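See below for start.cif, which holds mmCIF, C-alpha atoms.
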data_work
#
loop_
_atom_site.group_PDB
_atom_site.id
_atom_site.type_symbol
_atom_site.label_atom_id
_atom_site.label_comp_id
_atom_site.auth_asym_id
_atom_site.auth_seq_id
_atom_site.Cartn_x
_atom_site.Cartn_y
_atom_site.Cartn_z
ATOM 1 C CA MET A 1 -17.493 -4.242 -24.116
ATOM 2 C CA LYS A 2 -18.188 -7.557 -22.414
ATOM 3 C CA PHE A 3 -18.657 -7.872 -18.660
ATOM 4 C CA ALA A 4 -18.648 -11.086 -16.614
ATOM 5 C CA VAL A 5 -20.798 -11.147 -13.479
ATOM 6 C CA VAL A 6 -19.402 -13.982 -11.365
ATOM 7 C CA VAL A 7 -22.127 -15.848 -9.491
ATOM 8 C CA PHE A 8 -21.232 -17.712 -6.293
ATOM 9 C CA PRO A 9 -23.638 -19.821 -4.252
ATOM 10 C CA GLY A 10 -25.348 -17.159 -2.151
ATOM 11 C CA SER A 11 -24.736 -14.180 -4.461
ATOM 12 C CA ASN A 12 -27.931 -12.133 -4.568
ATOM 13 C CA CYS A 13 -27.035 -8.872 -6.326
ATOM 14 C CA ASP A 14 -25.890 -10.637 -9.498
ATOM 15 C CA ARG A 15 -29.089 -9.807 -11.411
ATOM 16 C CA ASP A 16 -28.869 -6.135 -10.443
ATOM 17 C CA MET A 17 -25.263 -6.038 -11.640
ATOM 18 C CA TYR A 18 -26.242 -7.744 -14.884
ATOM 19 C CA HIS A 19 -29.115 -5.299 -15.340
ATOM 20 C CA ALA A 20 -26.883 -2.293 -14.663
ATOM 21 C CA VAL A 21 -24.539 -3.273 -17.491
ATOM 22 C CA LYS A 22 -27.147 -4.593 -19.900
ATOM 23 C CA GLU A 23 -29.906 -1.995 -19.537
ATOM 24 C CA GLY A 24 -28.103 0.857 -17.797
ATOM 25 C CA LEU A 25 -24.894 0.884 -19.796
ATOM 26 C CA ASN A 26 -26.210 -0.944 -22.899
ATOM 27 C CA GLU A 27 -23.193 -3.204 -23.052
ATOM 28 C CA GLU A 28 -22.800 -6.972 -23.036
ATOM 29 C CA ALA A 29 -23.001 -8.871 -19.765
ATOM 30 C CA GLU A 30 -23.114 -12.526 -18.823
ATOM 31 C CA LEU A 31 -23.867 -14.237 -15.555
ATOM 32 C CA VAL A 32 -21.031 -16.702 -15.029
ATOM 33 C CA TRP A 33 -21.341 -19.580 -12.573
ATOM 34 C CA TYR A 34 -18.154 -19.729 -10.502
ATOM 35 C CA LEU A 35 -17.470 -23.416 -11.182
ATOM 36 C CA ASP A 36 -17.453 -23.519 -14.968
ATOM 37 C CA ALA A 37 -16.266 -20.025 -15.758
ATOM 38 C CA ASP A 38 -13.658 -19.084 -18.317
ATOM 39 C CA LEU A 39 -13.010 -15.419 -17.699
ATOM 40 C CA SER A 40 -10.393 -14.976 -20.426
ATOM 41 C CA SER A 41 -12.838 -13.650 -23.049
ATOM 42 C CA TYR A 42 -14.291 -10.867 -20.859
ATOM 43 C CA ASP A 43 -13.129 -7.265 -20.721
ATOM 44 C CA ALA A 44 -14.164 -6.654 -17.112
ATOM 45 C CA ILE A 45 -15.000 -8.823 -14.101
ATOM 46 C CA LEU A 46 -17.790 -7.917 -11.678
ATOM 47 C CA LEU A 47 -18.129 -9.596 -8.277
ATOM 48 C CA PRO A 48 -21.645 -8.963 -7.011
ATOM 49 C CA GLY A 49 -22.986 -8.581 -3.499
ATOM 50 C CA GLY A 50 -24.792 -11.166 -1.453
ATOM 51 C CA PHE A 51 -23.811 -13.800 1.063
ATOM 52 C CA SER A 52 -21.512 -16.202 -0.743
ATOM 53 C CA TYR A 53 -21.449 -19.511 1.161
ATOM 54 C CA GLY A 54 -23.740 -17.997 3.772
ATOM 55 C CA ASP A 55 -20.887 -15.825 5.066
ATOM 56 C CA TYR A 56 -19.532 -18.950 6.791
ATOM 57 C CA LEU A 57 -16.299 -18.449 8.744
ATOM 58 C CA ARG A 58 -15.874 -14.817 7.598
ATOM 59 C CA SER A 59 -17.695 -12.910 4.842
ATOM 60 C CA GLY A 60 -16.072 -13.778 1.531
ATOM 61 C CA SER A 61 -13.540 -16.202 3.008
ATOM 62 C CA ILE A 62 -14.899 -19.421 1.513
ATOM 63 C CA ALA A 63 -15.430 -17.875 -1.926
ATOM 64 C CA SER A 64 -11.843 -16.605 -1.817
ATOM 65 C CA THR A 65 -10.588 -20.207 -1.804
ATOM 66 C CA SER A 66 -12.522 -21.233 -4.939
ATOM 67 C CA HIS A 67 -10.549 -21.941 -8.098
ATOM 68 C CA ILE A 68 -12.050 -19.033 -10.013
ATOM 69 C CA ILE A 69 -10.073 -16.674 -7.783
ATOM 70 C CA GLN A 70 -6.945 -17.659 -9.745
ATOM 71 C CA GLN A 71 -8.647 -16.453 -12.935
ATOM 72 C CA ILE A 72 -9.740 -13.251 -11.220
ATOM 73 C CA LYS A 73 -6.148 -12.718 -10.072
ATOM 74 C CA LYS A 74 -4.978 -13.224 -13.632
ATOM 75 C CA ALA A 75 -7.535 -10.722 -14.954
ATOM 76 C CA ALA A 76 -6.323 -8.265 -12.296
ATOM 77 C CA ALA A 77 -2.695 -8.867 -13.288
ATOM 78 C CA ASP A 78 -3.663 -8.296 -16.945
ATOM 79 C CA LYS A 79 -4.923 -4.827 -15.863
ATOM 80 C CA LYS A 80 -8.560 -5.627 -16.645
ATOM 81 C CA PRO A 81 -11.117 -3.741 -14.560
ATOM 82 C CA VAL A 82 -12.228 -5.866 -11.596
ATOM 83 C CA LEU A 83 -15.060 -4.484 -9.474
ATOM 84 C CA GLY A 84 -16.234 -6.070 -6.230
ATOM 85 C CA VAL A 85 -19.325 -4.643 -4.558
ATOM 86 C CA CYS A 86 -20.295 -5.447 -0.983
ATOM 87 C CA ASN A 87 -19.722 -9.205 -0.669
ATOM 88 C CA GLY A 88 -17.603 -8.849 -3.815
ATOM 89 C CA PHE A 89 -15.418 -6.350 -1.902
ATOM 90 C CA GLN A 90 -15.194 -8.800 1.000
ATOM 91 C CA ILE A 91 -14.055 -11.532 -1.410
ATOM 92 C CA LEU A 92 -11.375 -9.221 -2.868
ATOM 93 C CA LEU A 93 -10.104 -8.513 0.671
ATOM 94 C CA GLU A 94 -10.106 -12.169 1.690
ATOM 95 C CA SER A 95 -8.303 -13.197 -1.492
ATOM 96 C CA GLY A 96 -5.602 -10.585 -0.928
ATOM 97 C CA LEU A 97 -6.366 -8.592 -4.085
ATOM 98 C CA LEU A 98 -7.075 -5.597 -1.854
ATOM 99 C CA PRO A 99 -5.522 -4.760 1.536
ATOM 100 C CA GLY A 100 -7.444 -4.741 4.824
ATOM 101 C CA ALA A 101 -10.371 -6.688 6.265
ATOM 102 C CA MET A 102 -14.016 -6.263 7.191
ATOM 103 C CA LEU A 103 -15.414 -6.204 10.701
ATOM 104 C CA ALA A 104 -19.003 -6.202 11.897
ATOM 105 C CA ASN A 105 -20.617 -2.754 11.733
ATOM 106 C CA ARG A 106 -19.766 -0.638 14.775
ATOM 107 C CA ASP A 107 -23.271 -0.964 16.250
ATOM 108 C CA LEU A 108 -23.831 -4.538 14.966
ATOM 109 C CA LYS A 109 -26.847 -3.538 12.881
ATOM 110 C CA PHE A 110 -27.479 -4.583 9.321
ATOM 111 C CA MET A 111 -27.748 -1.253 7.510
ATOM 112 C CA CYS A 112 -29.834 -0.743 4.399
ATOM 113 C CA HIS A 113 -30.270 2.850 3.243
ATOM 114 C CA GLN A 114 -28.781 5.577 1.034
ATOM 115 C CA GLU A 115 -25.467 7.069 2.075
ATOM 116 C CA GLU A 116 -23.737 10.228 0.952
ATOM 117 C CA LEU A 117 -20.285 9.517 -0.446
ATOM 118 C CA ARG A 118 -17.374 11.734 -1.401
ATOM 119 C CA VAL A 119 -15.421 10.917 -4.545
ATOM 120 C CA GLU A 120 -11.857 11.154 -3.201
ATOM 121 C CA ASN A 121 -10.165 10.108 -6.396
ATOM 122 C CA ASN A 122 -11.709 10.617 -9.831
ATOM 123 C CA LYS A 123 -8.516 9.678 -11.666
ATOM 124 C CA THR A 124 -9.316 5.988 -11.760
ATOM 125 C CA MET A 125 -10.851 3.849 -14.492
ATOM 126 C CA PHE A 126 -13.937 3.560 -12.262
ATOM 127 C CA THR A 127 -14.519 7.201 -11.384
ATOM 128 C CA SER A 128 -13.480 9.405 -14.319
ATOM 129 C CA GLU A 129 -17.116 10.427 -14.911
ATOM 130 C CA TYR A 130 -17.386 11.875 -11.394
ATOM 131 C CA GLN A 131 -16.152 15.218 -10.083
ATOM 132 C CA LYS A 132 -13.230 15.177 -7.655
ATOM 133 C CA ASP A 133 -14.637 15.700 -4.124
ATOM 134 C CA GLY A 134 -18.122 15.456 -5.632
ATOM 135 C CA LEU A 135 -20.871 14.190 -3.355
ATOM 136 C CA ILE A 136 -22.979 11.314 -4.620
ATOM 137 C CA HIS A 137 -25.589 9.034 -3.070
ATOM 138 C CA LEU A 138 -25.540 5.247 -3.218
ATOM 139 C CA PRO A 139 -27.420 2.580 -1.270
ATOM 140 C CA ILE A 140 -25.597 0.470 1.278
ATOM 141 C CA ALA A 141 -26.829 -2.921 2.515
ATOM 142 C CA HIS A 142 -24.435 -4.711 4.832
ATOM 143 C CA GLY A 143 -23.824 -6.047 8.317
ATOM 144 C CA GLU A 144 -20.049 -6.323 7.940
ATOM 145 C CA GLY A 145 -18.874 -3.208 6.173
ATOM 146 C CA ASN A 146 -16.646 -1.813 8.874
ATOM 147 C CA TYR A 147 -13.421 -1.579 6.881
ATOM 148 C CA TYR A 148 -10.318 -2.152 8.954
ATOM 149 C CA CYS A 149 -6.627 -1.740 8.271
ATOM 150 C CA ASP A 150 -3.776 -0.773 10.584
ATOM 151 C CA ASP A 151 -2.239 2.713 10.646
ATOM 152 C CA ALA A 152 0.634 1.828 8.327
ATOM 153 C CA ALA A 153 -1.697 0.304 5.736
ATOM 154 C CA TYR A 154 -4.022 3.304 5.984
ATOM 155 C CA GLN A 155 -1.130 5.705 5.419
ATOM 156 C CA GLN A 156 -0.112 3.679 2.386
ATOM 157 C CA LEU A 157 -3.655 3.828 0.978
ATOM 158 C CA LYS A 158 -3.622 7.589 1.428
ATOM 159 C CA ASP A 159 -0.158 8.090 -0.038
ATOM 160 C CA ASN A 160 -1.008 5.997 -3.110
ATOM 161 C CA LYS A 161 -4.405 7.703 -3.554
ATOM 162 C CA GLN A 162 -6.069 4.301 -3.301
ATOM 163 C CA ILE A 163 -9.018 5.632 -1.309
ATOM 164 C CA VAL A 164 -11.689 6.221 -3.933
ATOM 165 C CA PHE A 165 -14.909 6.744 -1.959
ATOM 166 C CA THR A 166 -15.430 7.869 1.636
ATOM 167 C CA TYR A 167 -18.641 8.170 3.633
ATOM 168 C CA ALA A 168 -19.710 11.752 4.377
ATOM 169 C CA ASN A 169 -21.294 10.415 7.605
ATOM 170 C CA ASN A 170 -19.522 7.196 8.535
ATOM 171 C CA PRO A 171 -22.334 4.684 9.165
ATOM 172 C CA ASN A 172 -20.372 1.595 10.177
ATOM 173 C CA GLY A 173 -17.104 2.600 11.854
ATOM 174 C CA SER A 174 -14.834 2.127 8.823
ATOM 175 C CA THR A 175 -11.224 3.247 9.226
ATOM 176 C CA GLY A 176 -10.818 6.700 7.668
ATOM 177 C CA ASP A 177 -14.522 6.693 6.598
ATOM 178 C CA ILE A 178 -13.465 4.361 3.778
ATOM 179 C CA ALA A 179 -16.270 3.165 1.488
ATOM 180 C CA GLY A 180 -14.175 2.022 -1.478
ATOM 181 C CA ILE A 181 -10.510 1.441 -2.373
ATOM 182 C CA VAL A 182 -8.475 0.416 -5.399
ATOM 183 C CA ASN A 183 -5.349 -1.711 -5.559
ATOM 184 C CA GLU A 184 -1.981 -0.100 -6.244
ATOM 185 C CA THR A 185 -2.318 -0.453 -10.001
ATOM 186 C CA GLY A 186 -5.796 1.048 -9.854
ATOM 187 C CA ASN A 187 -7.694 -1.625 -11.790
ATOM 188 C CA VAL A 188 -9.272 -3.489 -8.867
ATOM 189 C CA LEU A 189 -11.981 -1.582 -6.991
ATOM 190 C CA GLY A 190 -13.758 -2.823 -3.891
ATOM 191 C CA MET A 191 -16.643 -0.854 -2.411
ATOM 192 C CA MET A 192 -19.425 -1.511 0.075
ATOM 193 C CA PRO A 193 -22.087 0.815 -1.458
ATOM 194 C CA HIS A 194 -24.068 -0.546 -4.404
ATOM 195 C CA PRO A 195 -23.648 1.417 -7.667
ATOM 196 C CA GLU A 196 -25.626 -1.273 -9.517
ATOM 197 C CA ARG A 197 -28.699 -0.396 -7.465
ATOM 198 C CA ALA A 198 -28.577 3.228 -8.609
ATOM 199 C CA VAL A 199 -28.553 3.284 -12.408
ATOM 200 C CA GLU A 200 -31.978 4.713 -13.242
ATOM 201 C CA SER A 201 -33.453 8.130 -12.450
ATOM 202 C CA LEU A 202 -36.872 6.505 -12.749
ATOM 203 C CA LEU A 203 -36.057 4.500 -9.637
ATOM 204 C CA GLY A 204 -34.818 7.559 -7.797
ATOM 205 C CA ASN A 205 -31.081 7.581 -8.324
ATOM 206 C CA ALA A 206 -28.631 7.222 -11.211
ATOM 207 C CA ASP A 207 -25.428 8.164 -9.371
ATOM 208 C CA GLY A 208 -24.122 4.612 -9.751
ATOM 209 C CA LEU A 209 -24.388 4.595 -13.520
ATOM 210 C CA ARG A 210 -21.414 6.933 -13.928
ATOM 211 C CA LEU A 211 -19.187 4.295 -12.358
ATOM 212 C CA PHE A 212 -20.068 1.837 -15.106
ATOM 213 C CA GLN A 213 -19.772 4.606 -17.715
ATOM 214 C CA SER A 214 -16.273 5.365 -16.406
ATOM 215 C CA ILE A 215 -15.242 1.742 -16.977
ATOM 216 C CA LEU A 216 -16.620 1.915 -20.518
ATOM 217 C CA THR A 217 -14.838 5.203 -21.220
ATOM 218 C CA TYR A 218 -11.584 3.692 -20.013
ATOM 219 C CA TRP A 219 -12.059 0.607 -22.143
ATOM 220 C CA ARG A 220 -12.928 2.621 -25.263
ATOM 221 C CA ASN A 221 -9.920 4.901 -24.849
ATOM 222 C CA ASN A 222 -7.700 1.902 -24.313
ATOM 223 C CA HIS A 223 -9.079 0.159 -27.367
ATOM 224 C CA ALA A 224 -8.764 3.221 -29.586
ATOM 225 C CA ILE A 225 -5.071 3.305 -28.731
ATOM 226 C CA HIS A 226 -4.580 -0.357 -29.592
ATOM 227 C CA ALA A 227 -6.776 -0.330 -32.699
ATOM 228 C CA MET B 228 -5.463 -39.391 14.404
ATOM 229 C CA ARG B 229 -4.868 -35.985 15.901
ATOM 230 C CA LYS B 230 -7.335 -33.456 17.214
ATOM 231 C CA VAL B 231 -6.161 -29.921 16.517
ATOM 232 C CA LYS B 232 -7.808 -27.319 18.733
ATOM 233 C CA VAL B 233 -7.624 -23.937 17.047
ATOM 234 C CA TYR B 234 -8.352 -20.729 18.965
ATOM 235 C CA ILE B 235 -8.952 -17.568 16.976
ATOM 236 C CA THR B 236 -9.073 -14.199 18.688
ATOM 237 C CA LEU B 237 -9.349 -10.632 17.457
ATOM 238 C CA LYS B 238 -6.035 -8.803 17.518
ATOM 239 C CA GLU B 239 -5.420 -6.359 20.293
ATOM 240 C CA GLY B 240 -6.542 -2.932 19.159
ATOM 241 C CA VAL B 241 -9.220 -4.293 16.813
ATOM 242 C CA LEU B 242 -12.624 -3.222 18.095
ATOM 243 C CA ASP B 243 -15.026 -6.024 18.987
ATOM 244 C CA PRO B 244 -18.613 -4.658 18.914
ATOM 245 C CA GLN B 245 -19.994 -8.131 19.628
ATOM 246 C CA GLY B 246 -17.797 -8.502 22.714
ATOM 247 C CA LYS B 247 -18.940 -5.092 23.875
ATOM 248 C CA ALA B 248 -22.614 -6.077 23.531
ATOM 249 C CA VAL B 249 -21.973 -9.288 25.510
ATOM 250 C CA LYS B 250 -20.116 -7.295 28.167
ATOM 251 C CA ASN B 251 -23.047 -4.886 28.486
ATOM 252 C CA SER B 252 -25.460 -7.821 28.832
ATOM 253 C CA LEU B 253 -23.340 -9.341 31.605
ATOM 254 C CA ASN B 254 -23.357 -5.978 33.376
ATOM 255 C CA THR B 255 -27.162 -5.901 32.968
ATOM 256 C CA LEU B 256 -27.294 -9.311 34.649
ATOM 257 C CA ASP B 257 -25.576 -7.619 37.611
ATOM 258 C CA TYR B 258 -22.094 -8.943 36.939
ATOM 259 C CA GLY B 259 -20.746 -5.514 37.691
ATOM 260 C CA ASN B 260 -17.146 -6.681 37.871
ATOM 261 C CA VAL B 261 -17.031 -7.660 34.146
ATOM 262 C CA ASN B 262 -14.898 -5.013 32.455
ATOM 263 C CA GLU B 263 -14.328 -6.446 29.007
ATOM 264 C CA VAL B 264 -15.372 -9.350 26.778
ATOM 265 C CA ARG B 265 -13.632 -10.367 23.560
ATOM 266 C CA VAL B 266 -15.449 -12.915 21.394
ATOM 267 C CA GLY B 267 -13.370 -15.390 19.409
ATOM 268 C CA LYS B 268 -13.749 -18.715 17.636
ATOM 269 C CA TYR B 269 -12.834 -22.254 18.578
ATOM 270 C CA MET B 270 -12.462 -25.023 16.030
ATOM 271 C CA GLU B 271 -11.670 -28.721 16.274
ATOM 272 C CA VAL B 272 -9.883 -30.103 13.252
ATOM 273 C CA MET B 273 -9.412 -33.858 13.053
ATOM 274 C CA MET B 274 -6.348 -34.759 11.008
ATOM 275 C CA GLU B 275 -4.305 -37.762 10.004
ATOM 276 C CA GLU B 276 -0.905 -37.799 11.623
ATOM 277 C CA SER B 277 1.952 -36.461 9.562
ATOM 278 C CA GLU B 278 5.521 -35.349 10.157
ATOM 279 C CA ASN B 279 4.981 -31.674 9.518
ATOM 280 C CA LEU B 280 1.568 -31.383 11.143
ATOM 281 C CA GLU B 281 2.376 -28.148 12.979
ATOM 282 C CA ALA B 282 3.600 -26.408 9.850
ATOM 283 C CA GLN B 283 0.501 -27.561 8.033
ATOM 284 C CA VAL B 284 -1.821 -26.307 10.773
ATOM 285 C CA GLU B 285 -0.125 -22.909 10.730
ATOM 286 C CA GLU B 286 -0.433 -22.717 6.969
ATOM 287 C CA MET B 287 -4.144 -23.573 7.181
ATOM 288 C CA CYS B 288 -4.645 -20.871 9.786
ATOM 289 C CA ASP B 289 -2.799 -18.285 7.692
ATOM 290 C CA LYS B 290 -4.605 -19.219 4.489
ATOM 291 C CA LEU B 291 -8.157 -19.670 5.694
ATOM 292 C CA LEU B 292 -9.043 -20.324 9.328
ATOM 293 C CA ALA B 293 -7.869 -16.922 10.561
ATOM 294 C CA ASN B 294 -7.558 -13.573 8.812
ATOM 295 C CA PRO B 295 -4.107 -12.293 9.812
ATOM 296 C CA VAL B 296 -5.199 -8.669 9.236
ATOM 297 C CA ILE B 297 -7.613 -8.750 12.187
ATOM 298 C CA GLU B 298 -7.093 -12.066 13.988
ATOM 299 C CA ASP B 299 -4.471 -13.996 15.969
ATOM 300 C CA TYR B 300 -4.547 -17.739 16.417
ATOM 301 C CA SER B 301 -3.104 -20.394 18.656
ATOM 302 C CA TYR B 302 -3.540 -24.154 18.624
ATOM 303 C CA GLU B 303 -3.021 -27.370 20.555
ATOM 304 C CA ILE B 304 -2.557 -30.807 19.089
ATOM 305 C CA GLU B 305 -3.953 -33.829 20.937
ATOM 306 C CA GLU B 306 -3.614 -37.476 20.210
ATOM 307 C CA VAL B 307 -6.926 -39.230 19.685
ATOM 308 C CA ILE B 308 -7.087 -42.918 20.450
ATOM 309 C CA ALA B 309 -9.832 -44.545 18.456
#
Take the structure I supplied and represent it as structure tokens, if you would.
Amino acid sequence: MKFAVVVFPGSNCDRDMYHAVKEGLNEEAELVWYLDADLSSYDAILLPGGFSYGDYLRSGSIASTSHIIQQIKKAAADKKPVLGVCNGFQILLESGLLPGAMLANRDLKFMCHQEELRVENNKTMFTSEYQKDGLIHLPIAHGEGNYYCDDAAYQQLKDNKQIVFTYANNPNGSTGDIAGIVNETGNVLGMMPHPERAVESLLGNADGLRLFQSILTYWRNNHAIHA
Amino acid sequence: MRKVKVYITLKEGVLDPQGKAVKNSLNTLDYGNVNEVRVGKYMEVMMEESENLEAQVEEMCDKLLANPVIEDYSYEIEEVIA
């Protein structure tokens, strides 16, 4: 399976994402510069964390106007797995691939520590290797991770089972303790916590690896059907 | 040439932690009668004149300058004499 890690000016978790796929999952990964990318030959698209365009205007807003977003939208429409972590999540929100928006953390602090998360939905292509309602730990590292959507949008997320991860102890003020959501078709996941920073027990935590393994499982099952 | 003054404010009901911190600071400076502060953005956009300038400005606000999920915007257009 071949993953594209899209690199924007200011991305800084791209190497971790690459490493997670290459060394953690033992699958193919390529760092793809946002200007000269052709995403058509990849099986999954990963949008890494960081501060694309220095978070100018709003986090993710400038990146969401770049031409590569059209290719990412096409990959999403083609039902390919698209994962945005942290700034990648913010880009997915700003580009309209996921509903809602990000606000500054409730207490305005940049937060960088492990958080306990609940797996709300393990029937997605990103979470099949987790237990439903299982508690996992992943690092967070953000100043604007306070997910916001209005009541109607929140109800819709709940009804469609689009809420995938919630915080056990909401650190940033997110609506409904939301840490990660998928789109309606379930193939675009945005999340603030960093699974790519938790893929090795040697470094203290491998809870994130199962997310990448879930994507691989999905892809293999899908390919077996088509083969 | 036109100068477009764009004002972007957080929607009512959207919490503004930054505004709250500024409000607390003003209270600390003994401005006890300050009850609330909301922080927004102001932009000046210089544009060539065109027939549908207003529609274009609104489109730019919807697409990029403001995020309609959390923000409202308003604008004024001024003539600039070079």
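Counting all atoms listed in the file and comparing A:Asn105, A:Ser41, A:Ser52, A:Asn87, the residue that lies closest to chain B is A:Asn105.
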Sort by chain and increasing residue number a table of all residues of chain A within 12 Å of chain B, each with its closest pair of atoms and their distance in Å to one decimal, counting only C-alpha atoms, and write it as CSV.
residue,atom,partner,partner_atom,distance
A:Tyr56,CA,B:Leu292,CA,10.9
A:Leu57,CA,B:Leu292,CA,7.5
A:Arg58,CA,B:Asn294,CA,8.5
A:Ser59,CA,B:Asn294,CA,10.9
A:Gly60,CA,B:Leu291,CA,10.7
A:Ser61,CA,B:Leu291,CA,6.9
A:Ile62,CA,B:Leu291,CA,7.9
A:Ala63,CA,B:Leu291,CA,10.7
A:Ser64,CA,B:Leu291,CA,8.9
A:Thr65,CA,B:Leu291,CA,7.9
A:Ser66,CA,B:Leu291,CA,11.6
A:Gln90,CA,B:Asn294,CA,11.9
A:Leu93,CA,B:Val296,CA,9.9
A:Glu94,CA,B:Asn294,CA,7.7
A:Ser95,CA,B:Lys290,CA,9.3
A:Gly96,CA,B:Lys290,CA,10.2
A:Leu98,CA,B:Val296,CA,11.7
A:Pro99,CA,B:Val296,CA,8.6
A:Gly100,CA,B:Val296,CA,6.3
A:Ala101,CA,B:Val296,CA,6.3
A:Met102,CA,B:Ile297,CA,8.5
A:Leu103,CA,B:Asp243,CA,8.3
A:Ala104,CA,B:Pro244,CA,7.2
A:Asn105,CA,B:Pro244,CA,7.7
A:Arg106,CA,B:Pro244,CA,5.9
A:Asp107,CA,B:Pro244,CA,6.5
A:Leu108,CA,B:Pro244,CA,6.5
A:Lys109,CA,B:Pro244,CA,10.3
A:Gly143,CA,B:Pro244,CA,11.9
A:Glu144,CA,B:Pro244,CA,11.2
A:Asn146,CA,B:Leu242,CA,10.2
A:Tyr147,CA,B:Ile297,CA,10.6
A:Tyr148,CA,B:Ile297,CA,7.8
A:Cys149,CA,B:Val296,CA,7.1
A:Asp150,CA,B:Val296,CA,8.1
A:Asp151,CA,B:Gly240,CA,11.1
A:Ala153,CA,B:Val296,CA,10.2
A:Asn172,CA,B:Pro244,CA,10.9
A:Gly173,CA,B:Leu242,CA,9.6
A:Ser174,CA,B:Leu242,CA,10.9
A:Thr175,CA,B:Val241,CA,10.9
* Reference answer for the PyMOL selection byres ((chain A and resi 4) around 9), as a ChimeraX atom specification -> /A:2-3,5-6,18,28-32,39,42-47
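Residues with any atom within 8 Å of the point (-24.3, -7.5, 4.5), counting all atoms listed in the file, are A:Gly50, A:Phe51, A:Cys86, A:Asn87, A:Phe110, A:Met111, A:Ala141, A:His142, A:Gly143, A:Glu144, A:Gly145.
With the shown file loaded, the PyMOL selection byres ((chain A and resi 199) around 9) picks out Ala20, Glu23, Gly24, Leu25, Pro195, Glu196, Arg197, Ala198, Glu200, Ser201, Leu202, Leu203, Gly204, Asn205, Ala206, Asp207, Gly208, Leu209 and Arg210 of chain A.
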* Given the file shown, determine the residues that the PyMOL selection byres ((chain B and resi 308) around 12) selects; report them as number ranges by chain. => B: 228-230, 273, 275-276, 305-307, 309
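Of the residues listed (A:Asn183, A:Val85, A:Val119, A:Met1), A:Met1 shows the shortest atom-to-atom separation from A:Val21; distances use all atoms listed in the file.
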As lines of an AutoDock Vina configuration file, what would the box around stretch 91-106 of chain A look like: edges along x, y and z, 4 Å added on every side, centre and edge lengths in Å to one decimal?
center_x = -13.1
center_y = -6.9
center_z = 5.3
size_x = 23.1
size_y = 20.6
size_z = 26.9
* To do: Extract, using all atoms listed in the file, all DNA, RNA and protein residues at most 8 Å from A:Ile140, discarding same-chain residues fewer than 6 positions from it, and format them as a PyMOL selection string.
  => chain A and resi 111-115+192-194
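Across the structure, atom CA of A:Glu27 and atom CA of A:Ile163 are spaced 27.4 Å apart.
Reported to one decimal place, the separation of atom CA of A:Gln162 from atom CA of A:Leu189 is 9.1 Å.
Taking atom CA of A:Cys13 and atom CA of A:Thr127 as the two end points, the separation is 21.0 Å.
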